[in-house]
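Below is one structure, written out as structure tokens; the observations come after it.
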Amino acid sequence: MEKFRLVTAAFAISLAALALALFTQLLTSSLPAVERFGLTFLFDTIWDPVMEVFGALPFVYGTLVTSLIALLIAVPLSIGAAVFLTQYVPTRTSYLLSFLIEIIAAIPSVVIGLWGIFVLIPFMRDPLGTFLVECLGFIPLFQGPVFGPSIMTGAIILAIMIIPIITSITKDAINTTPELQREGLVALGSTRWEVITKIILPYARPGIIGGVMLGLGRAVGETMAITMVIGNTPSIPASLLAPGDTLASVIANQFSEATSAIHTSALIELGLILFVITVVINICARLILRREVARE
Amino acid sequence: MSSEIEIEDLNAWFGEKHVLKDVSMEMEKNRITAIIGPSGCGKTTLIRCINRMHETVPEARVEGRILLNELDVYQEDPVSIRSRIGMVFQRPNPFPTMSVSENAVAGLKLRGTRDRSVLAEKAKEVLMAVGLWDEVRNELNKPGTSLSGGQQQRLCIARALAVEPEVILMDEPCSALDPVSTMRIEDLIYRLRENYTIIIVTHNMQQAARISDRTAFLYMGELIEYGPTKRLFEKPENELTERYISGRFG
Ligand SMILES: Nc1ncnc2c1ncn2[C@@H]1O[C@H](COP(=O)(O)OP(=O)(O)O)[C@@H](O)[C@H]1O
Ligand SMILES: [Mg+2]
């Protein structure tokens with residue numbers, strides 16, 4: 001037993017050490033860029049490898065905005081789907097539909113990216129983009145001209161990719177609602193909608209938040225699919241319908257072609273920023289969940 | 001106001017499983033009707049058909065008629081039926097996110113009452129009706145789940161009373177409680193018959209004998225015998241009933 005404990009302790013410690021080593025590795029490799037650009041790296045909006053001007057802001061912006069819009073699209077859809085699948089359809093249908101939704105999560109990122117190029121981008125160009133410009137064009141966020149590859153396209157791809165995980169976690173959370181509570185409210189003469197909003201969703205809340213955070217983590221780190229549809233343009237456009245770029249995408253795109261040492265170092269510093277963002281999201285998720293559990 | 005219930009040729013299923021077979025009986029107003037029978041005989045299902053809770057279970061099915069004062073329950077909106085026929089469950093189930101007083105008037109809030117003083121007034125009224133007011137008057141803002149088991153069950157009865165139902169269904173309301181709490185709830189049920197029609201499922205024959213006016217004996221989904229409680233316990237007409245109440249069963 002004692003031996004077993006030692007072995008597991010060794011595993012746990014080496015995993016923690018691995019995370020730490022990864023972090024220090026990122027840190028030392030990005031040191032040249034950190035030393036040369038300092039804090040301006042974070043706020044500079046120009047990324048020009050030829051002129052050796054490196055600013056991370058367009059990518060930080062692209063990562064955060066695409067992830068945020070993806071959440072805005074995915075969270076209501078996922079919660080709606082989970083409520084529908086658990087409350088409104090017979091078990092067998094629900095099983096089948098859930099399976100289809102979960103399959104999306106199993107599709108390789110690059111395949112989703114291909115779908116994005118051949119289906120979503122043309123769709124974005126014609127009905128959706130023009131429609132958004134016509135209806136909401138007065139808001140700068142939806143100004144024309146319409147490009148196919150854009151921040152919005154990237155966000156939609158991300159949303160599609162995180163819907164399965166949020167839906168499935170929300171479903172599990174909903175299914176933990178005690179039957180006795182649900183029936184208590186039904187027997188008082190409540191509608192199905194009241195049962196959903198007053199018992200089921202409050203009960204499932206911590207689980208839903210956990211699922212959303214996981215989805216957000218996934219969206220922030222997603223690389224391949226979004227790289228293929230976002231347009232890879234290091235800028236901060238006013239319109240969501242214009243191309244942009246993300247931290248993960250630019251690293252994937254430029255790392256193998258980086259010729260100067262400072263370019264490589266700057267890309268690694270972007271990796272460091274991405275790492276920090278995901279860690280912060282994880283910490284927030286934990287804090288929120290702990291508070292939710294404490295409220296019970 | 002209290003109402004009578006009439007059940008005609010009721011059949012109920014869980015999937016392929018036929019759990020109630022041609023049950024016909026009527027429950028008189030302002031009376032306590034007890035339903036007894038061995039576990040699994042369909043007692044719970046029978047009362048859950050009355051307020052249309054049975055059909056909320058996937059694959060569950062009902063046939064037959066149930067009349068509430070001549071109104072066909074199965075032709076009405078189930079939500080409105082459930083507000084006229086209250087239910088108390090086998091295990092106390094106050095809502096954990098609501099305080100004692102919020103629990104008591106949860107049903108009123110559902111029906112759109114927002115006025116704080118009306119709600120507080122009603123909470124006091126129903127908590128008094130179930131004999132809980134003096135015990136919890138200083139704990140009205142604590143979670144409903146912080147009370148003892150017996151208090152929680154009385155809170156659940158109060159919650160059912162607050163929506164002013166005509167009939168109250170109780171599914172073994174004392175089975176999770178200690179003898180003292182059981183006594184208090186029996187007293188309470190007995191007093192409630194003045195204003196409500198009460199149908200209580202119990203596995204405890206002494207309880208049925210103590211509080212009910214009429215008793216129905218169910219066995220394997222069939223209504224074997226139904227009559228005045230005293231007569232049924234003293235001179236059962238059916239041999240199965242006789243064997244069940246004398247404890248010579250299974
Ligand atoms: N949710 C359910 N799904 C399938 N069968 C059930 C379900 N609930 C009860 N049953 C079955 O229906 C029969 C009657 O159950 P019930 O009405 O709960 O009996 P009682 O309350 O008399 O113990 C039992 O055989 C039981 O196994
Ligand atoms: Mg039962």
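FYI, nothing fancy with the structure tokens labels: chains A, B, ... in order, residues from 1 per chain, ligands from 1 as they appear.
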Segment 141-150 of chain B surroundings by only C-alpha atoms, 9 Å radius, close-in-sequence under 3 positions cut, as a list in words: Arg91, Pro92, Asn93, Pro94, Phe95, Pro96, Thr97, Met98, Ser99, Val100, Ser101, Glu102, Asn103, Ala104, Val136, Asn138, Gln153, Arg154, Leu155, Cys174, Ala176, Leu177, Asp178, Val180, Ser181, Thr182, Arg184 and Ile185 of chain B
Distance filter 12 Å around ligand 2, atoms: only C-alpha atoms and all ligand atoms, out as a ChimeraX atom specification: /B:35-48,89-91,170-173,175,200-203,218
Filtering to N, CA and C atoms, could you give me those residues as a tab-separated table (two decimals), in the first residue's frame?
```tsv
chain	number	residue	atom	x	y	z
B	35	ILE	N	-55.95	3.71	1.06
B	35	ILE	CA	-55.68	2.66	0.08
B	35	ILE	C	-54.57	1.79	0.66
B	36	ILE	N	-54.89	0.52	0.86
B	36	ILE	CA	-53.89	-0.39	1.42
B	36	ILE	C	-53.63	-1.53	0.43
B	37	GLY	N	-52.56	-2.25	0.70
B	37	GLY	CA	-52.22	-3.38	-0.16
B	37	GLY	C	-50.74	-3.61	-0.11
B	38	PRO	N	-50.31	-4.79	-0.50
B	38	PRO	CA	-48.89	-5.10	-0.43
B	38	PRO	C	-48.09	-4.22	-1.38
B	39	SER	N	-46.82	-4.12	-1.12
B	39	SER	CA	-46.01	-3.22	-1.92
B	39	SER	C	-45.95	-3.70	-3.38
B	40	GLY	N	-46.05	-2.74	-4.30
B	40	GLY	CA	-46.06	-3.08	-5.72
B	40	GLY	C	-47.43	-3.38	-6.28
B	41	CYS	N	-48.50	-3.24	-5.45
B	41	CYS	CA	-49.83	-3.62	-5.94
B	41	CYS	C	-50.47	-2.50	-6.76
B	42	GLY	N	-49.87	-1.31	-6.77
B	42	GLY	CA	-50.40	-0.24	-7.60
B	42	GLY	C	-51.02	0.93	-6.85
B	43	LYS	N	-50.78	1.00	-5.55
B	43	LYS	CA	-51.38	2.08	-4.75
B	43	LYS	C	-50.92	3.45	-5.22
B	44	THR	N	-49.60	3.57	-5.34
B	44	THR	CA	-49.05	4.86	-5.77
B	44	THR	C	-49.57	5.22	-7.16
B	45	THR	N	-49.53	4.24	-8.06
B	45	THR	CA	-49.99	4.49	-9.42
B	45	THR	C	-51.44	4.97	-9.42
B	46	LEU	N	-52.27	4.34	-8.58
B	46	LEU	CA	-53.68	4.73	-8.54
B	46	LEU	C	-53.84	6.21	-8.20
B	47	ILE	N	-53.17	6.67	-7.14
B	47	ILE	CA	-53.39	8.07	-6.80
B	47	ILE	C	-52.70	9.00	-7.80
B	48	ARG	N	-51.61	8.52	-8.41
B	48	ARG	CA	-50.96	9.37	-9.41
B	48	ARG	C	-51.76	9.49	-10.69
B	89	PHE	N	-45.92	13.69	-0.94
B	89	PHE	CA	-45.14	12.53	-1.38
B	89	PHE	C	-44.65	11.69	-0.21
B	90	GLN	N	-44.16	10.52	-0.58
B	90	GLN	CA	-43.69	9.57	0.41
B	90	GLN	C	-42.52	10.12	1.22
B	91	ARG	N	-41.59	10.77	0.52
B	91	ARG	CA	-40.50	11.41	1.24
B	91	ARG	C	-40.70	12.91	1.17
B	170	MET	N	-52.24	11.66	-0.64
B	170	MET	CA	-51.04	11.46	0.18
B	170	MET	C	-50.51	10.07	-0.06
B	171	ASP	N	-49.23	10.00	-0.42
B	171	ASP	CA	-48.63	8.71	-0.71
B	171	ASP	C	-47.72	8.28	0.45
B	172	GLU	N	-48.22	7.46	1.33
B	172	GLU	CA	-47.47	7.02	2.52
B	172	GLU	C	-46.73	8.19	3.16
B	173	PRO	N	-47.46	9.21	3.58
B	173	PRO	CA	-46.80	10.44	4.03
B	173	PRO	C	-45.98	10.26	5.30
B	175	SER	N	-44.21	7.35	6.05
B	175	SER	CA	-43.34	6.18	6.02
B	175	SER	C	-41.89	6.52	6.32
B	200	ILE	N	-55.45	8.68	1.07
B	200	ILE	CA	-54.13	8.39	1.62
B	200	ILE	C	-53.73	6.94	1.36
B	201	VAL	N	-52.54	6.81	0.80
B	201	VAL	CA	-51.98	5.47	0.61
B	201	VAL	C	-51.19	5.14	1.86
B	202	THR	N	-51.35	3.96	2.39
B	202	THR	CA	-50.55	3.60	3.55
B	202	THR	C	-50.26	2.10	3.53
B	203	HIS	N	-49.07	1.76	4.02
B	203	HIS	CA	-48.79	0.33	4.16
B	203	HIS	C	-49.04	-0.09	5.60
B	218	LEU	N	-56.12	-3.07	-2.42
B	218	LEU	CA	-55.67	-3.36	-3.79
B	218	LEU	C	-54.74	-4.56	-3.75
```
Which of B:Ala129, B:Cys49, B:Ile198, B:Met27 sits closest to ligand 1 [using only C-alpha atoms and all ligand atoms]: B:Cys49
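For segment 172-181 of chain A, the list of residues within 9 Å, based on only C-alpha atoms and with local chain neighbours fewer than 3 positions off taken out, reads A:Ala82, A:Val83, A:Thr86, A:Thr167, A:Ser168, A:Ile169, A:Gly184, A:Leu185, A:Val186, A:Ile199, A:Ile200, A:Leu201, A:Tyr203, A:Ala204, A:Arg205, A:Pro206, A:Gly207, A:Ile208, B:Phe89, B:Arg91, B:Pro92, B:Asn93, B:Pro94, B:Phe95, B:Pro96.
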Test item, helix (DSSP H, G or I) assignment across segment 12-235 of chain A, answer as a PyMOL selection string: chain A and resi 12-37+40-43+57-88+91-106+109-136+140-142+151-175+179-187+192-221+224-229
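Across B:Gln207, B:Thr56, B:Ser246, B:Asn51, the tightest approach to ligand 1 is made by B:Thr56 when counting only C-alpha atoms and all ligand atoms.
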8 Å contacts from chain B to chain A using only C-alpha atoms, as number ranges by chain: B: 51, 53, 58, 78-83, 86-87, 89, 93-95, 97, 107, 110, 160, 163
Put those residues in a file: N, CA, C and O atoms, as a CSV table (one decimal), in the first residue's frame.
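Written file, out_27.csv:
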```
chain,number,residue,atom,x,y,z
B,51,ASN,N,-54.3,12.7,-10.1
B,51,ASN,CA,-53.8,14.1,-10.5
B,51,ASN,C,-53.0,14.1,-11.7
B,51,ASN,O,-52.2,15.1,-12.0
B,53,MET,N,-50.3,12.6,-12.6
B,53,MET,CA,-48.9,12.6,-12.5
B,53,MET,C,-48.4,11.3,-13.2
B,53,MET,O,-47.2,11.2,-13.7
B,58,PRO,N,-42.2,8.6,-18.6
B,58,PRO,CA,-42.1,8.1,-20.0
B,58,PRO,C,-42.7,6.7,-20.2
B,58,PRO,O,-42.5,5.9,-19.3
B,78,PRO,N,-54.0,19.3,-17.5
B,78,PRO,CA,-53.4,18.7,-16.3
B,78,PRO,C,-52.9,19.7,-15.3
B,78,PRO,O,-52.9,19.5,-14.1
B,79,VAL,N,-52.4,20.8,-15.8
B,79,VAL,CA,-51.8,21.8,-14.8
B,79,VAL,C,-52.9,22.4,-13.9
B,79,VAL,O,-52.8,22.5,-12.7
B,80,SER,N,-54.1,22.6,-14.5
B,80,SER,CA,-55.2,23.1,-13.6
B,80,SER,C,-55.7,22.0,-12.8
B,80,SER,O,-56.1,22.3,-11.6
B,81,ILE,N,-55.8,20.8,-13.3
B,81,ILE,CA,-56.2,19.7,-12.4
B,81,ILE,C,-55.3,19.5,-11.2
B,81,ILE,O,-55.7,19.4,-10.1
B,82,ARG,N,-54.0,19.7,-11.4
B,82,ARG,CA,-53.0,19.5,-10.3
B,82,ARG,C,-53.1,20.6,-9.3
B,82,ARG,O,-52.7,20.4,-8.2
B,83,SER,N,-53.6,21.8,-9.7
B,83,SER,CA,-53.8,22.8,-8.7
B,83,SER,C,-55.1,22.6,-7.9
B,83,SER,O,-55.3,23.2,-6.9
B,86,GLY,N,-54.2,18.4,-4.8
B,86,GLY,CA,-52.8,18.5,-4.3
B,86,GLY,C,-52.2,17.1,-4.0
B,86,GLY,O,-52.9,16.1,-3.9
B,87,MET,N,-50.9,17.1,-3.8
B,87,MET,CA,-50.3,15.8,-3.5
B,87,MET,C,-49.1,16.0,-2.5
B,87,MET,O,-48.4,16.9,-2.5
B,89,PHE,N,-45.9,13.7,-0.9
B,89,PHE,CA,-45.1,12.5,-1.4
B,89,PHE,C,-44.6,11.7,-0.2
B,89,PHE,O,-44.7,12.1,0.9
B,93,ASN,N,-40.3,16.6,0.4
B,93,ASN,CA,-39.5,17.2,-0.7
B,93,ASN,C,-39.7,18.7,-0.7
B,93,ASN,O,-40.0,19.2,-1.8
B,94,PRO,N,-39.4,19.4,0.4
B,94,PRO,CA,-39.4,20.9,0.3
B,94,PRO,C,-38.3,21.3,-0.7
B,94,PRO,O,-37.3,20.5,-0.9
B,95,PHE,N,-38.5,22.4,-1.4
B,95,PHE,CA,-37.5,22.9,-2.4
B,95,PHE,C,-36.3,23.4,-1.6
B,95,PHE,O,-36.4,24.4,-0.8
B,97,THR,N,-33.8,25.3,-2.5
B,97,THR,CA,-33.4,26.6,-2.7
B,97,THR,C,-34.3,27.7,-2.1
B,97,THR,O,-34.1,28.9,-2.2
B,107,GLY,N,-46.6,27.4,-4.5
B,107,GLY,CA,-47.7,27.2,-5.4
B,107,GLY,C,-48.4,28.5,-5.8
B,107,GLY,O,-48.8,28.7,-6.9
B,110,LEU,N,-46.3,30.5,-8.1
B,110,LEU,CA,-46.4,29.9,-9.5
B,110,LEU,C,-47.7,30.5,-10.2
B,110,LEU,O,-47.7,30.7,-11.4
B,160,ALA,N,-49.1,22.2,0.0
B,160,ALA,CA,-50.2,21.7,-0.8
B,160,ALA,C,-51.5,22.5,-0.5
B,160,ALA,O,-52.3,22.8,-1.4
B,163,VAL,N,-52.4,26.3,-2.1
B,163,VAL,CA,-53.1,26.6,-3.4
B,163,VAL,C,-54.6,26.3,-3.3
B,163,VAL,O,-55.3,26.3,-4.3
```
Backbone-only DSSP, strand (DSSP E) members of segment 176-220 of chain B, as a PyMOL selection string: chain B and resi 197-201+214-219
Produce a file of the selected residues containing all heavy atoms, as a PDB file, in the first residue's frame.
```
ATOM      1  N   THR B 197     -61.171  16.640   0.713  1.00  0.00           N
ATOM      2  CA  THR B 197     -61.335  15.215   0.485  1.00  0.00           C
ATOM      3  C   THR B 197     -59.932  14.631   0.493  1.00  0.00           C
ATOM      4  O   THR B 197     -59.054  15.129  -0.210  1.00  0.00           O
ATOM      5  CB  THR B 197     -61.981  14.980  -0.891  1.00  0.00           C
ATOM      6  OG1 THR B 197     -63.219  15.676  -0.906  1.00  0.00           O
ATOM      7  CG2 THR B 197     -62.182  13.509  -1.162  1.00  0.00           C
ATOM      8  N   ILE B 198     -59.727  13.605   1.303  1.00  0.00           N
ATOM      9  CA  ILE B 198     -58.357  13.102   1.440  1.00  0.00           C
ATOM     10  C   ILE B 198     -58.268  11.639   1.020  1.00  0.00           C
ATOM     11  O   ILE B 198     -59.113  10.819   1.385  1.00  0.00           O
ATOM     12  CB  ILE B 198     -57.871  13.278   2.889  1.00  0.00           C
ATOM     13  CG1 ILE B 198     -57.731  14.774   3.165  1.00  0.00           C
ATOM     14  CG2 ILE B 198     -56.537  12.563   3.109  1.00  0.00           C
ATOM     15  CD1 ILE B 198     -57.405  15.120   4.567  1.00  0.00           C
ATOM     16  N   ILE B 199     -57.261  11.370   0.197  1.00  0.00           N
ATOM     17  CA  ILE B 199     -57.000   9.992  -0.218  1.00  0.00           C
ATOM     18  C   ILE B 199     -55.583   9.664   0.209  1.00  0.00           C
ATOM     19  O   ILE B 199     -54.631  10.334  -0.204  1.00  0.00           O
ATOM     20  CB  ILE B 199     -57.168   9.841  -1.741  1.00  0.00           C
ATOM     21  CG1 ILE B 199     -58.576  10.287  -2.139  1.00  0.00           C
ATOM     22  CG2 ILE B 199     -56.910   8.399  -2.160  1.00  0.00           C
ATOM     23  CD1 ILE B 199     -58.770  10.454  -3.626  1.00  0.00           C
ATOM     24  N   ILE B 200     -55.448   8.677   1.071  1.00  0.00           N
ATOM     25  CA  ILE B 200     -54.128   8.391   1.616  1.00  0.00           C
ATOM     26  C   ILE B 200     -53.735   6.942   1.356  1.00  0.00           C
ATOM     27  O   ILE B 200     -54.498   6.022   1.625  1.00  0.00           O
ATOM     28  CB  ILE B 200     -54.083   8.731   3.133  1.00  0.00           C
ATOM     29  CG1 ILE B 200     -52.708   8.398   3.710  1.00  0.00           C
ATOM     30  CG2 ILE B 200     -55.186   8.035   3.924  1.00  0.00           C
ATOM     31  CD1 ILE B 200     -52.505   8.908   5.131  1.00  0.00           C
ATOM     32  N   VAL B 201     -52.540   6.808   0.796  1.00  0.00           N
ATOM     33  CA  VAL B 201     -51.978   5.471   0.612  1.00  0.00           C
ATOM     34  C   VAL B 201     -51.193   5.143   1.860  1.00  0.00           C
ATOM     35  O   VAL B 201     -50.467   5.995   2.379  1.00  0.00           O
ATOM     36  CB  VAL B 201     -51.012   5.455  -0.590  1.00  0.00           C
ATOM     37  CG1 VAL B 201     -50.210   4.152  -0.618  1.00  0.00           C
ATOM     38  CG2 VAL B 201     -51.772   5.643  -1.876  1.00  0.00           C
ATOM     39  N   ARG B 214     -63.129   5.242   4.870  1.00  0.00           N
ATOM     40  CA  ARG B 214     -63.304   4.086   4.010  1.00  0.00           C
ATOM     41  C   ARG B 214     -61.933   3.556   3.607  1.00  0.00           C
ATOM     42  O   ARG B 214     -60.970   4.313   3.520  1.00  0.00           O
ATOM     43  CB  ARG B 214     -64.115   4.464   2.757  1.00  0.00           C
ATOM     44  CG  ARG B 214     -65.598   4.655   3.058  1.00  0.00           C
ATOM     45  CD  ARG B 214     -66.290   5.413   1.947  1.00  0.00           C
ATOM     46  NE  ARG B 214     -66.518   4.585   0.758  1.00  0.00           N
ATOM     47  CZ  ARG B 214     -67.556   3.772   0.599  1.00  0.00           C
ATOM     48  NH1 ARG B 214     -68.452   3.651   1.548  1.00  0.00           N
ATOM     49  NH2 ARG B 214     -67.701   3.083  -0.506  1.00  0.00           N
ATOM     50  N   THR B 215     -61.877   2.273   3.360  1.00  0.00           N
ATOM     51  CA  THR B 215     -60.596   1.664   2.998  1.00  0.00           C
ATOM     52  C   THR B 215     -60.767   0.830   1.740  1.00  0.00           C
ATOM     53  O   THR B 215     -61.775   0.142   1.578  1.00  0.00           O
ATOM     54  CB  THR B 215     -60.061   0.786   4.148  1.00  0.00           C
ATOM     55  OG1 THR B 215     -59.837   1.607   5.288  1.00  0.00           O
ATOM     56  CG2 THR B 215     -58.760   0.096   3.763  1.00  0.00           C
ATOM     57  N   ALA B 216     -59.776   0.944   0.873  1.00  0.00           N
ATOM     58  CA  ALA B 216     -59.764   0.130  -0.340  1.00  0.00           C
ATOM     59  C   ALA B 216     -58.569  -0.797  -0.258  1.00  0.00           C
ATOM     60  O   ALA B 216     -57.467  -0.367   0.089  1.00  0.00           O
ATOM     61  CB  ALA B 216     -59.648   1.022  -1.567  1.00  0.00           C
ATOM     62  N   PHE B 217     -58.782  -2.057  -0.589  1.00  0.00           N
ATOM     63  CA  PHE B 217     -57.679  -3.009  -0.596  1.00  0.00           C
ATOM     64  C   PHE B 217     -57.358  -3.364  -2.044  1.00  0.00           C
ATOM     65  O   PHE B 217     -58.201  -3.859  -2.784  1.00  0.00           O
ATOM     66  CB  PHE B 217     -58.062  -4.260   0.209  1.00  0.00           C
ATOM     67  CG  PHE B 217     -57.031  -5.352   0.081  1.00  0.00           C
ATOM     68  CD1 PHE B 217     -55.708  -5.139   0.453  1.00  0.00           C
ATOM     69  CD2 PHE B 217     -57.397  -6.605  -0.419  1.00  0.00           C
ATOM     70  CE1 PHE B 217     -54.760  -6.159   0.333  1.00  0.00           C
ATOM     71  CE2 PHE B 217     -56.447  -7.621  -0.546  1.00  0.00           C
ATOM     72  CZ  PHE B 217     -55.129  -7.393  -0.174  1.00  0.00           C
ATOM     73  N   LEU B 218     -56.123  -3.071  -2.422  1.00  0.00           N
ATOM     74  CA  LEU B 218     -55.670  -3.361  -3.790  1.00  0.00           C
ATOM     75  C   LEU B 218     -54.743  -4.561  -3.750  1.00  0.00           C
ATOM     76  O   LEU B 218     -53.950  -4.699  -2.828  1.00  0.00           O
ATOM     77  CB  LEU B 218     -54.851  -2.185  -4.324  1.00  0.00           C
ATOM     78  CG  LEU B 218     -55.470  -1.017  -5.045  1.00  0.00           C
ATOM     79  CD1 LEU B 218     -54.339  -0.146  -5.593  1.00  0.00           C
ATOM     80  CD2 LEU B 218     -56.367  -1.454  -6.173  1.00  0.00           C
ATOM     81  N   TYR B 219     -54.861  -5.387  -4.762  1.00  0.00           N
ATOM     82  CA  TYR B 219     -53.947  -6.513  -4.833  1.00  0.00           C
ATOM     83  C   TYR B 219     -53.619  -6.779  -6.288  1.00  0.00           C
ATOM     84  O   TYR B 219     -54.518  -7.005  -7.104  1.00  0.00           O
ATOM     85  CB  TYR B 219     -54.570  -7.735  -4.164  1.00  0.00           C
ATOM     86  CG  TYR B 219     -53.664  -8.938  -4.154  1.00  0.00           C
ATOM     87  CD1 TYR B 219     -52.461  -8.903  -3.445  1.00  0.00           C
ATOM     88  CD2 TYR B 219     -53.998 -10.080  -4.856  1.00  0.00           C
ATOM     89  CE1 TYR B 219     -51.619  -9.999  -3.435  1.00  0.00           C
ATOM     90  CE2 TYR B 219     -53.154 -11.180  -4.852  1.00  0.00           C
ATOM     91  CZ  TYR B 219     -51.954 -11.137  -4.143  1.00  0.00           C
ATOM     92  OH  TYR B 219     -51.128 -12.218  -4.144  1.00  0.00           O
TER      93      TYR B 219
END
```
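In this structure, atom CA of Ser150 of chain A sits 9.8 Å away from atom CA of Arg125 of chain A.
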Segment 263-276 of chain A surroundings by only C-alpha atoms, 6 Å radius, close-in-sequence under 2 positions cut, as a ChimeraX atom specification: /A:26,30,33,251,258,260-261,278-279
B:Asp115, B:Glu55, B:Glu225, B:Glu28 ranked by distance to Ser212 of chain B, top pick (using only C-alpha atoms):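 Ranked by minimum distance to Ser212 of chain B, first place goes to B:Glu28.
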Among listed residues B:Glu59, B:Asp213, B:Glu234, B:Glu26, nearest ligand 1 (using only C-alpha atoms and all ligand atoms): B:Glu59
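Here the question is which of B:Glu239, B:Asp134, B:Glu186, B:Glu16 gets nearest to ligand 1 using only C-alpha atoms and all ligand atoms, and that residue is B:Glu16.
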Contact residues around Ile5 of chain B with only C-alpha atoms at 10 Å, ignoring same-chain residues under 4 positions, as a ChimeraX atom specification: /B:25-29,50,66-73,167,197,199
Store the residues picked out above in a file with N, CA, C and O atoms, as a short mmCIF file (atom, residue, chain, number, x, y, z; two decimals), in the first residue's frame.
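Generated output (part31.cif):
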```cif
data_model
loop_
_atom_site.label_atom_id
_atom_site.label_comp_id
_atom_site.auth_asym_id
_atom_site.auth_seq_id
_atom_site.Cartn_x
_atom_site.Cartn_y
_atom_site.Cartn_z
N MET B 25 -64.13 3.02 -8.42
CA MET B 25 -64.48 3.33 -7.02
C MET B 25 -64.78 4.82 -6.93
O MET B 25 -64.43 5.59 -7.82
N GLU B 26 -65.48 5.22 -5.86
CA GLU B 26 -65.60 6.66 -5.70
C GLU B 26 -65.18 7.05 -4.28
O GLU B 26 -65.30 6.27 -3.34
N MET B 27 -64.60 8.23 -4.19
CA MET B 27 -64.14 8.74 -2.91
C MET B 27 -65.06 9.88 -2.52
O MET B 27 -65.23 10.84 -3.27
N GLU B 28 -65.60 9.79 -1.32
CA GLU B 28 -66.57 10.80 -0.91
C GLU B 28 -65.89 12.09 -0.46
O GLU B 28 -64.76 12.08 0.00
N LYS B 29 -66.66 13.18 -0.57
CA LYS B 29 -66.07 14.45 -0.15
C LYS B 29 -66.03 14.55 1.36
O LYS B 29 -66.86 13.96 2.06
N ILE B 50 -54.94 10.01 -10.49
CA ILE B 50 -55.98 10.98 -10.15
C ILE B 50 -55.53 12.41 -10.45
O ILE B 50 -56.31 13.22 -10.96
N ILE B 66 -61.83 9.46 -14.85
CA ILE B 66 -61.80 9.92 -13.46
C ILE B 66 -62.56 11.24 -13.42
O ILE B 66 -62.28 12.15 -14.20
N LEU B 67 -63.56 11.30 -12.55
CA LEU B 67 -64.37 12.51 -12.47
C LEU B 67 -64.09 13.23 -11.16
O LEU B 67 -64.06 12.61 -10.10
N LEU B 68 -63.89 14.53 -11.28
CA LEU B 68 -63.74 15.37 -10.10
C LEU B 68 -65.00 16.22 -10.07
O LEU B 68 -65.17 17.12 -10.90
N ASN B 69 -65.92 15.89 -9.14
CA ASN B 69 -67.22 16.56 -9.17
C ASN B 69 -67.83 16.55 -10.57
O ASN B 69 -68.23 17.58 -11.09
N GLU B 70 -67.84 15.41 -11.18
CA GLU B 70 -68.43 15.23 -12.51
C GLU B 70 -67.65 15.86 -13.65
O GLU B 70 -68.07 15.79 -14.80
N LEU B 71 -66.53 16.45 -13.32
CA LEU B 71 -65.69 17.01 -14.38
C LEU B 71 -64.66 15.95 -14.76
O LEU B 71 -63.97 15.42 -13.89
N ASP B 72 -64.57 15.64 -16.06
CA ASP B 72 -63.65 14.59 -16.48
C ASP B 72 -62.21 15.10 -16.43
O ASP B 72 -61.80 15.95 -17.21
N VAL B 73 -61.46 14.57 -15.48
CA VAL B 73 -60.09 15.01 -15.24
C VAL B 73 -59.24 14.90 -16.50
O VAL B 73 -58.38 15.75 -16.78
N VAL B 167 -59.00 18.38 -3.28
CA VAL B 167 -58.67 17.01 -2.89
C VAL B 167 -57.19 16.98 -2.56
O VAL B 167 -56.39 17.68 -3.18
N THR B 197 -61.17 16.64 0.71
CA THR B 197 -61.33 15.22 0.49
C THR B 197 -59.93 14.63 0.49
O THR B 197 -59.05 15.13 -0.21
N ILE B 199 -57.26 11.37 0.20
CA ILE B 199 -57.00 9.99 -0.22
C ILE B 199 -55.58 9.66 0.21
O ILE B 199 -54.63 10.33 -0.20
#
```
9 Å contact set for Val60 of chain A, only C-alpha atoms, chain neighbours under 2 positions out, as an MDAnalysis selection string: chainID A and resid 42 56:58 62:65 245:247 270 273:274
